[in-house]
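Enquirer: Below is the file target01.txt, which contains compact mmCIF, C-alpha atoms and all ligand atoms.
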```txt
# COMPACT_ATOMS: atom_id res chain seq x y z
CA MET A 205 0.00 0.00 0.00
CA THR A 206 1.28 3.50 -0.81
CA ASP A 207 2.80 5.35 2.15
CA LEU A 208 1.10 8.77 2.14
CA ASN A 209 3.96 10.31 4.13
CA PRO A 210 7.14 8.63 2.85
CA GLN A 211 9.41 11.42 4.13
CA ALA A 212 7.99 11.37 7.68
CA LYS A 213 11.42 10.59 9.17
CA GLN A 214 13.20 13.41 7.32
CA MET A 215 10.42 15.91 8.09
CA ALA A 216 10.75 15.13 11.81
CA ASP A 217 14.58 15.40 11.85
CA GLU A 218 16.19 18.43 13.47
CA SER A 219 17.90 19.15 10.12
CA MET A 220 14.46 19.95 8.65
CA VAL A 221 13.95 22.83 11.11
CA ARG A 222 17.29 24.30 9.92
CA ASN A 223 16.36 23.60 6.32
CA LEU A 224 12.97 25.34 6.47
CA ASP A 225 14.53 28.36 8.20
CA ALA A 226 17.29 28.68 5.56
CA GLN A 227 14.89 28.03 2.66
CA ALA A 228 12.54 30.76 3.85
CA ARG A 229 15.42 33.24 4.28
CA ALA A 230 16.65 32.37 0.77
CA ILE A 231 13.28 32.31 -0.98
CA TRP A 232 10.86 34.73 0.72
CA PRO A 233 12.54 37.99 -0.43
CA GLN A 234 11.81 37.01 -4.06
CA GLU A 235 8.55 35.20 -3.29
CA ARG A 236 6.96 38.06 -1.38
CA PRO A 237 6.40 40.27 -4.50
CA LEU A 238 4.73 37.29 -6.18
CA VAL A 239 2.33 36.95 -3.23
CA GLU A 240 1.68 40.70 -3.28
CA ARG A 241 0.28 40.40 -6.83
CA TYR A 242 -2.81 38.53 -5.63
CA VAL A 243 -5.90 40.70 -5.33
CA LEU A 244 -7.27 39.83 -1.90
CA PRO A 245 -10.14 41.16 0.22
CA ALA A 246 -9.34 43.57 3.07
CA GLU A 247 -9.46 40.75 5.62
CA PRO A 248 -8.25 37.73 3.69
CA ARG A 249 -8.60 34.14 4.90
CA ILE A 250 -5.43 32.21 4.14
CA LEU A 251 -4.51 28.53 4.42
CA ASP A 252 -0.89 27.35 4.58
CA ALA A 253 -1.15 23.64 3.74
CA GLY A 254 1.75 21.57 5.07
CA CYS A 255 2.96 24.60 7.03
CA GLY A 256 5.85 22.85 8.81
CA THR A 257 7.36 25.19 11.41
CA GLY A 258 5.30 28.15 10.18
CA GLU A 259 8.01 29.99 8.24
CA ALA A 260 5.64 31.21 5.51
CA SER A 261 2.50 31.43 7.68
CA SER A 262 4.25 33.84 10.05
CA ARG A 263 5.73 35.94 7.24
CA LEU A 264 2.25 36.23 5.71
CA ALA A 265 0.75 37.25 9.05
CA GLU A 266 3.34 40.03 9.28
CA LEU A 267 2.86 41.09 5.65
CA LEU A 268 -0.97 41.16 5.89
CA PRO A 269 -1.88 42.48 9.35
CA ARG A 270 -5.65 42.02 8.78
CA ALA A 271 -5.41 38.48 7.46
CA THR A 272 -6.55 35.38 9.32
CA ILE A 273 -4.16 32.51 8.66
CA LEU A 274 -4.41 28.81 9.40
CA GLY A 275 -1.34 26.61 9.08
CA VAL A 276 -2.02 22.87 8.95
CA ASP A 277 0.41 19.97 9.14
CA ILE A 278 0.46 16.36 10.36
CA LEU A 279 3.66 16.65 12.36
CA ASP A 280 2.97 17.54 16.01
CA GLN A 281 6.49 18.71 16.81
CA SER A 282 6.51 21.23 13.93
CA LEU A 283 3.06 22.49 14.94
CA ASP A 284 4.20 22.87 18.57
CA LEU A 285 7.29 24.79 17.48
CA ALA A 286 5.22 27.04 15.20
CA ARG A 287 2.70 27.75 18.02
CA SER A 288 5.41 28.67 20.50
CA ARG A 289 7.51 30.71 18.03
CA TYR A 290 4.56 32.73 16.75
CA ALA A 291 2.37 32.97 19.87
CA HIS A 292 2.55 36.77 19.48
CA LEU A 293 0.61 36.50 16.21
CA ALA A 294 -2.27 34.41 17.69
CA PRO A 295 -5.23 34.23 17.43
CA ARG A 296 -4.98 35.71 13.93
CA LEU A 297 -2.44 33.00 13.14
CA GLN A 298 -3.41 29.47 14.22
CA PHE A 299 -1.86 26.05 13.69
CA GLU A 300 -3.87 22.80 13.54
CA LYS A 301 -3.20 19.14 12.91
CA GLN A 302 -4.91 18.24 9.62
CA SER A 303 -4.00 16.17 6.61
CA ILE A 304 -3.90 18.03 3.33
CA TYR A 305 -5.49 15.00 1.66
CA GLU A 306 -8.68 15.66 3.67
CA LEU A 307 -8.93 19.21 4.93
CA HIS A 308 -11.62 20.07 7.47
CA ALA A 309 -12.71 23.30 5.74
CA PRO A 310 -15.91 23.53 3.67
CA ASP A 311 -15.71 24.32 -0.04
CA GLY A 312 -14.47 27.83 -0.88
CA ALA A 313 -13.36 28.73 2.66
CA TYR A 314 -10.10 30.53 1.74
CA ASP A 315 -9.12 33.50 -0.44
CA LEU A 316 -5.54 32.25 -0.78
CA THR A 317 -4.13 28.77 -0.27
CA LEU A 318 -0.39 28.13 -0.13
CA CYS A 319 1.41 24.82 -0.35
CA ARG A 320 5.19 25.24 -0.23
CA HIS A 321 7.83 22.53 -0.45
CA VAL A 322 5.32 19.69 0.10
CA LEU A 323 4.04 18.31 -3.21
CA HIS A 324 7.35 16.67 -4.23
CA SER A 325 7.42 14.70 -0.97
CA ILE A 326 4.02 13.01 -1.07
CA PRO A 327 2.33 10.56 -3.46
CA HIS A 328 -0.83 11.51 -5.40
CA ALA A 329 0.08 15.21 -5.47
CA GLU A 330 -2.74 15.86 -7.94
CA ARG A 331 -5.26 14.66 -5.31
CA VAL A 332 -3.86 17.17 -2.85
CA ILE A 333 -3.94 19.98 -5.41
CA ALA A 334 -7.63 19.16 -6.06
CA GLU A 335 -8.29 19.32 -2.31
CA LEU A 336 -6.50 22.69 -2.07
CA ALA A 337 -8.62 23.97 -4.96
CA ARG A 338 -11.79 22.69 -3.25
CA VAL A 339 -11.22 24.77 -0.11
CA THR A 340 -10.30 27.91 -2.08
CA ARG A 341 -13.15 30.17 -3.20
CA PRO A 342 -13.93 30.86 -6.87
CA GLY A 343 -11.75 33.87 -7.76
CA GLY A 344 -9.29 32.97 -4.98
CA HIS A 345 -5.68 31.95 -5.55
CA LEU A 346 -3.50 28.85 -5.21
CA HIS A 347 0.18 29.49 -4.58
CA LEU A 348 2.40 26.41 -4.88
CA ILE A 349 6.11 25.73 -4.56
CA PRO A 350 6.39 22.32 -6.23
CA GLU A 351 10.08 21.47 -5.98
CA ASP A 352 11.96 20.09 -8.97
CA TYR A 353 15.29 18.40 -8.37
CA GLY A 354 16.27 18.71 -12.02
CA MET A 355 16.63 22.46 -11.49
CA LEU A 356 19.81 22.49 -9.40
CA HIS A 357 23.17 23.24 -10.98
CA PHE A 358 26.61 23.10 -9.41
CA GLN A 359 30.14 23.27 -10.77
CA ARG A 360 32.05 20.05 -11.38
CA ALA A 361 35.11 19.05 -9.35
CA VAL A 362 36.10 15.54 -8.26
CA HIS A 363 32.43 14.57 -8.57
CA ASP A 364 30.02 15.59 -11.30
CA PRO A 365 26.95 16.95 -9.49
CA SER A 366 24.88 16.41 -12.67
CA ASP A 367 25.27 12.63 -12.22
CA PHE A 368 23.98 12.94 -8.65
CA TRP A 369 20.95 15.08 -9.49
CA HIS A 370 20.18 12.93 -12.54
CA GLU A 371 20.10 9.69 -10.54
CA VAL A 372 19.03 10.53 -7.00
CA PRO A 373 15.63 12.23 -7.41
CA ALA A 374 14.47 9.66 -9.98
CA ALA A 375 15.45 6.66 -7.82
CA PHE A 376 14.17 8.33 -4.63
CA GLY A 377 10.86 9.09 -6.37
CA THR A 378 10.48 5.51 -7.58
CA ALA A 379 11.17 4.15 -4.08
CA THR A 380 8.72 6.53 -2.37
CA GLU A 381 6.06 6.78 -5.15
CA THR A 382 6.60 10.54 -5.32
CA ASP A 383 7.42 12.95 -8.15
CA LEU A 384 10.60 14.88 -7.35
CA PHE A 385 10.27 16.67 -10.69
CA ILE A 386 6.76 17.93 -9.97
CA GLY A 387 7.86 21.53 -10.58
CA ARG A 388 7.60 20.98 -14.32
CA ASP A 389 4.42 18.86 -13.99
CA ALA A 390 2.39 21.31 -11.90
CA PHE A 391 1.41 23.48 -14.88
CA GLY A 392 -0.24 20.53 -16.64
CA ILE A 393 -2.06 19.42 -13.49
CA LEU A 394 -3.58 22.90 -13.06
CA ALA A 395 -4.33 23.22 -16.78
CA ALA A 396 -6.15 19.85 -16.76
CA MET A 397 -8.20 21.18 -13.81
CA LYS A 398 -9.12 24.17 -16.01
CA MET A 399 -7.70 26.72 -13.59
CA ASP A 400 -7.49 30.39 -14.63
CA GLU A 401 -4.39 32.62 -14.80
CA ILE A 402 -1.84 29.82 -14.40
CA ARG A 403 1.60 31.32 -13.85
CA VAL A 404 5.01 29.73 -13.52
CA ASP A 405 7.54 32.07 -11.91
CA TYR A 406 10.98 31.27 -10.55
CA VAL A 407 12.73 32.21 -7.38
CA ILE A 408 16.43 32.04 -8.18
CA VAL A 409 18.42 30.79 -5.23
CA ASP A 410 21.96 31.36 -6.40
CA THR A 411 25.29 32.57 -5.07
CA VAL A 412 24.67 36.05 -6.50
CA ARG A 413 21.18 36.71 -5.10
CA VAL A 414 21.31 34.80 -1.81
CA PRO A 415 24.01 34.96 0.89
CA ARG A 416 26.40 32.04 0.43
CA ASP A 417 25.97 31.00 4.05
CA THR A 418 22.17 30.81 3.70
CA PHE A 419 22.36 28.77 0.47
CA ALA A 420 25.03 26.48 1.96
CA SER A 421 22.83 25.91 5.05
CA ILE A 422 20.14 24.37 2.81
CA LEU A 423 22.62 21.88 1.32
CA GLU A 424 24.05 21.11 4.78
CA ALA A 425 20.56 20.32 6.06
CA TRP A 426 19.81 18.11 3.04
CA ARG A 427 23.13 16.30 3.59
CA ASP A 428 22.34 15.71 7.26
CA GLY A 429 18.71 14.70 6.70
CA TYR A 430 18.78 12.73 3.46
CA SER A 431 22.18 11.01 2.97
CA GLU A 432 21.11 7.88 4.81
CA SER A 433 17.98 7.33 2.69
CA ILE A 434 19.89 8.21 -0.50
CA GLY A 435 22.18 5.33 0.51
CA GLN A 436 19.12 3.06 0.79
CA PHE A 437 17.16 4.11 -2.29
CA THR A 438 19.78 4.97 -4.93
CA LYS A 439 23.03 3.68 -6.42
CA PHE A 440 24.96 6.21 -4.29
CA SER A 441 26.16 5.02 -0.86
CA ARG A 442 25.56 7.19 2.20
CA GLU A 443 29.27 8.10 2.20
CA SER A 444 29.17 9.03 -1.48
CA ALA A 445 26.05 11.17 -0.92
CA VAL A 446 27.83 13.01 1.91
CA ALA A 447 30.88 13.56 -0.35
CA HIS A 448 28.68 14.94 -3.16
CA PHE A 449 26.84 17.28 -0.78
CA ASN A 450 30.16 18.42 0.74
CA GLN A 451 31.51 19.27 -2.70
CA MET A 452 28.35 21.27 -3.52
CA ILE A 453 28.61 23.09 -0.19
CA ALA A 454 32.26 23.95 -0.94
CA ASN A 455 31.19 25.19 -4.38
CA ILE A 456 28.64 27.53 -2.76
CA ARG A 457 31.07 28.74 -0.10
CA ASP A 458 33.92 29.35 -2.61
CA PRO A 459 33.99 33.14 -3.22
CA LEU A 460 34.74 32.40 -6.91
CA GLY A 461 32.12 29.64 -7.17
CA TYR A 462 28.67 29.83 -8.77
CA ALA A 463 25.71 27.53 -8.08
CA VAL A 464 21.96 27.86 -8.63
CA TRP A 465 18.69 26.27 -7.49
CA MET A 466 15.73 27.37 -9.59
CA VAL A 467 12.60 27.17 -7.44
CA PRO A 468 9.31 27.13 -9.36
CA VAL A 469 6.43 29.14 -7.90
CA VAL A 470 3.26 28.00 -9.64
CA SER A 471 0.02 29.87 -9.09
CA CYS A 472 -3.50 30.08 -10.48
CA ARG A 473 -6.97 31.51 -9.86
CA ILE A 474 -9.90 29.26 -9.09
CA PRO A 475 -12.41 29.81 -11.92
CA SER A 476 -15.61 31.63 -11.05
CA ARG A 477 -18.46 29.25 -11.77
C1 LIG A 501 9.46 20.46 3.59
S1 LIG A 501 8.20 20.79 4.76
C2 LIG A 501 7.61 22.40 4.19
C3 LIG A 501 7.07 23.24 5.33
C4 LIG A 501 6.53 24.61 4.97
N1 LIG A 501 5.48 24.56 3.95
C5 LIG A 501 7.60 25.58 4.53
O1 LIG A 501 7.56 26.03 3.38
O2 LIG A 501 8.48 25.89 5.35
C6 LIG A 501 6.87 19.72 4.27
C7 LIG A 501 5.79 19.60 5.32
O3 LIG A 501 4.67 18.88 4.77
C8 LIG A 501 4.09 18.16 5.83
N2 LIG A 501 3.19 17.11 5.33
C9 LIG A 501 3.51 15.96 4.69
N3 LIG A 501 2.38 15.25 4.43
C10 LIG A 501 1.35 15.97 4.91
C11 LIG A 501 -0.06 15.77 4.96
N4 LIG A 501 -0.65 14.69 4.44
N5 LIG A 501 -0.83 16.72 5.54
C12 LIG A 501 -0.27 17.82 6.09
N6 LIG A 501 1.06 18.07 6.08
C13 LIG A 501 1.86 17.16 5.49
C14 LIG A 501 5.29 17.60 6.58
O4 LIG A 501 4.96 17.16 7.88
C15 LIG A 501 6.22 18.83 6.55
O5 LIG A 501 6.07 19.62 7.70
```
Could I get this file's structure written as structure tokens?
Expert:
Amino acid sequence: MTDLNPQAKQMADESMVRNLDAQARAIWPQERPLVERYVLPAEPRILDAGCGTGEASSRLAELLPRATILGVDILDQSLDLARSRYAHLAPRLQFEKQSIYELHAPDGAYDLTLCRHVLHSIPHAERVIAELARVTRPGGHLHLIPEDYGMLHFQRAVHDPSDFWHEVPAAFGTATETDLFIGRDAFGILAAMKMDEIRVDYVIVDTVRVPRDTFASILEAWRDGYSESIGQFTKFSRESAVAHFNQMIANIRDPLGYAVWMVPVVSCRIPSR
């Protein structure tokens, strides 16, 4: 039977808390203007689906002081951390345990629904996208960050990082019944659902736009959280995965080095019926 949460172990690891913090610091400065394009009511209702430790939910609560925001996740420890970190933003910002496969909200409850860094890690992503669309009102917006592990580029040295990123996401996806290239597939899923105003934008996490230390922290967290399962699921051993990540981290930290992660931000409007 398909495991609906195949990355449960990695999501609960302390490295994921570091990862989500570094990802938000790297991505939000470019993502924020994309969010600001949505035409929202004066007191918008917002859902952050798979909110993790509340990095985006809290930034939205600060950006939109009259918004009501609900972050939902299935991981208690992330929800607890989010509640304690952002207690000062309650009750406008709340966190609840809910599965994004079966949200509690009635149809059309939200003006804006976000789902960041989740869809690549779960099977049946199209079912989740349909559920997110269900709880978003006609004329409201979906804002997705569907990761795509074919959109990372590093310089070669002893290892060729292209070999790693060619093999690892494909084998990991096969083993976990997930699509680690869903960034490029999200457009078609939304188009088949007949969504309006589908947009594909990119946040460019590179060594020019993002502080090297922030970018390197993401790779360090991936190394610490994922090398063991890469050793299980792919042709790379755990030791080889660590060596590849260490080379990529050195590439990022090298003042003469250049590396880039292109992060798709895919959005649409729910059609008015
Ligand atoms: C990589 S984290 C992203 C967190 C957050 N969206 C962010 O951008 O910082 C993915 C999150 O999805 C959550 N998740 C996985 N399956 C879920 C499900 N069925 N329902 C709700 N959350 C889920 C995980 O527990 C994890 O916290």
Enquirer: Between CA of Lys398 in chain A and CA of Pro475 in chain A, what is the distance, to one decimal in Å?
Expert: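 Interatomic distance here is 7.7 Å.
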Enquirer: How close does range 236-313 of chain A get to range 330-351 of chain A? List, as a tab-separated table, each residue of range 236-313 of chain A within 10 Å, its nearest atom pair and the distance in Å to one decimal, counting all atoms listed in the file.
Expert:
```
residue	atom	partner	partner_atom	distance
A:Leu238	CA	A:His347	CA	9.2
A:Val239	CA	A:His347	CA	7.9
A:Tyr242	CA	A:His345	CA	7.2
A:Val243	CA	A:Gly344	CA	8.4
A:Leu244	CA	A:Gly344	CA	7.8
A:Pro245	CA	A:Gly344	CA	9.7
A:Pro248	CA	A:Gly344	CA	9.9
A:Arg249	CA	A:Thr340	CA	9.5
A:Ile250	CA	A:Thr340	CA	9.0
A:Leu251	CA	A:Thr340	CA	8.7
A:Asp252	CA	A:His347	CA	9.5
A:Ala253	CA	A:Leu336	CA	8.0
A:Ser303	CA	A:Val332	CA	9.5
A:Ile304	CA	A:Val332	CA	6.2
A:Tyr305	CA	A:Val332	CA	5.3
A:Glu306	CA	A:Glu335	CA	7.0
A:Leu307	CA	A:Glu335	CA	7.3
A:His308	CA	A:Val339	CA	8.9
A:Ala309	CA	A:Val339	CA	6.2
A:Pro310	CA	A:Val339	CA	6.1
A:Asp311	CA	A:Val339	CA	4.5
A:Gly312	CA	A:Arg341	CA	3.5
A:Ala313	CA	A:Val339	CA	5.3
```
Enquirer: Please, could you write that set of residues out with C-alpha atoms as a short mmCIF file (atom, residue, chain, number, x, y, z; two decimals), in the coordinates of the input?
Expert:
```cif
data_model
loop_
_atom_site.label_atom_id
_atom_site.label_comp_id
_atom_site.auth_asym_id
_atom_site.auth_seq_id
_atom_site.Cartn_x
_atom_site.Cartn_y
_atom_site.Cartn_z
CA LEU A 238 4.73 37.29 -6.18
CA VAL A 239 2.33 36.95 -3.23
CA TYR A 242 -2.81 38.53 -5.63
CA VAL A 243 -5.90 40.70 -5.33
CA LEU A 244 -7.27 39.83 -1.90
CA PRO A 245 -10.14 41.16 0.22
CA PRO A 248 -8.25 37.73 3.69
CA ARG A 249 -8.60 34.14 4.90
CA ILE A 250 -5.43 32.21 4.14
CA LEU A 251 -4.51 28.53 4.42
CA ASP A 252 -0.89 27.35 4.58
CA ALA A 253 -1.15 23.64 3.74
CA SER A 303 -4.00 16.17 6.61
CA ILE A 304 -3.90 18.03 3.33
CA TYR A 305 -5.49 15.00 1.66
CA GLU A 306 -8.68 15.66 3.67
CA LEU A 307 -8.93 19.21 4.93
CA HIS A 308 -11.62 20.07 7.47
CA ALA A 309 -12.71 23.30 5.74
CA PRO A 310 -15.91 23.53 3.67
CA ASP A 311 -15.71 24.32 -0.04
CA GLY A 312 -14.47 27.83 -0.88
CA ALA A 313 -13.36 28.73 2.66
#
```
Enquirer: What does the distance between CA of Gln436 in chain A and CA of Ile456 in chain A come to in Å, to one decimal place?
Expert: 26.5 Å
Enquirer: Enumerate residues in contact with ligand LIG 501 (chain A): an atom-to-atom distance of at most 9 Å, counting only C-alpha atoms and all ligand atoms. Format the result as a ChimeraX atom specification.
Expert: /A:208-212,214-216,220-221,223-225,227-228,252-261,275-280,282-283,301-307,318-326,332,349
Enquirer: Please indicate the distance in Å from CA of Arg413 in chain A to CA of Arg427 in chain A, rounded to one decimal place.
Expert: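 Interatomic distance here is 22.3 Å.
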Enquirer: Give as a list in words every residue, naming chains and numbers as the document does, that has an atom within 12 Å of (-0.7, 21.8, -16.3), counting only C-alpha atoms.
Expert: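 Checked against the point, the hits come out as Glu330, Ile333, Ile386, Gly387, Arg388, Asp389, Ala390, Phe391, Gly392, Ile393, Leu394, Ala395, Ala396, Met397, Lys398, Met399, Asp400, Glu401, Ile402, Arg403, Val404, Val470, Ser471 and Cys472 of chain A.
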Enquirer: With distances taken over only C-alpha atoms, which residue among A:Arg229, A:Arg236, A:Arg287, A:Arg241 lies nearest Glu300 in chain A?
Expert: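 Closest to Glu300 in chain A, using only C-alpha atoms: A:Arg287.
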Enquirer: Just checking: using all atoms listed in the file, which residue out of A:Ala379, A:Ala294, A:Val409, A:Ala230 ends up closest to Phe437 in chain A?
Expert: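 Of all the options, A:Ala379 lies closest to Phe437 in chain A.
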Enquirer: What's around range 448-453 of chain A at 9 Å? Count all atoms listed in the file, leave out sequence neighbours fewer than 2 positions away in its own chain, and write the answer as an NGL selection string.
Expert: :A and (358-365 or 368 or 419-421 or 423-424 or 426-427 or 431 or 443-446 or 455-458 or 463)
Enquirer: As JSON, please report the centre and edge lengths, rounded to one decimal in Å, of the axis-aligned box that holds all listed atoms of range 256-264 of chain A with 4 Å of padding on each of the six sides.
Expert:
```
{"center_x": 5.1, "center_y": 29.5, "center_z": 8.5, "size_x": 13.8, "size_y": 21.4, "size_z": 13.9}
```
Enquirer: Looking at only C-alpha atoms, which of A:Asp315, A:Lys213, A:Arg270, A:Trp465 is the one that sits closest to Gly354 in chain A?
Expert: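 Checking each of A:Asp315, A:Lys213, A:Arg270, A:Trp465 against Gly354 in chain A, counting only C-alpha atoms, the winner is A:Trp465.
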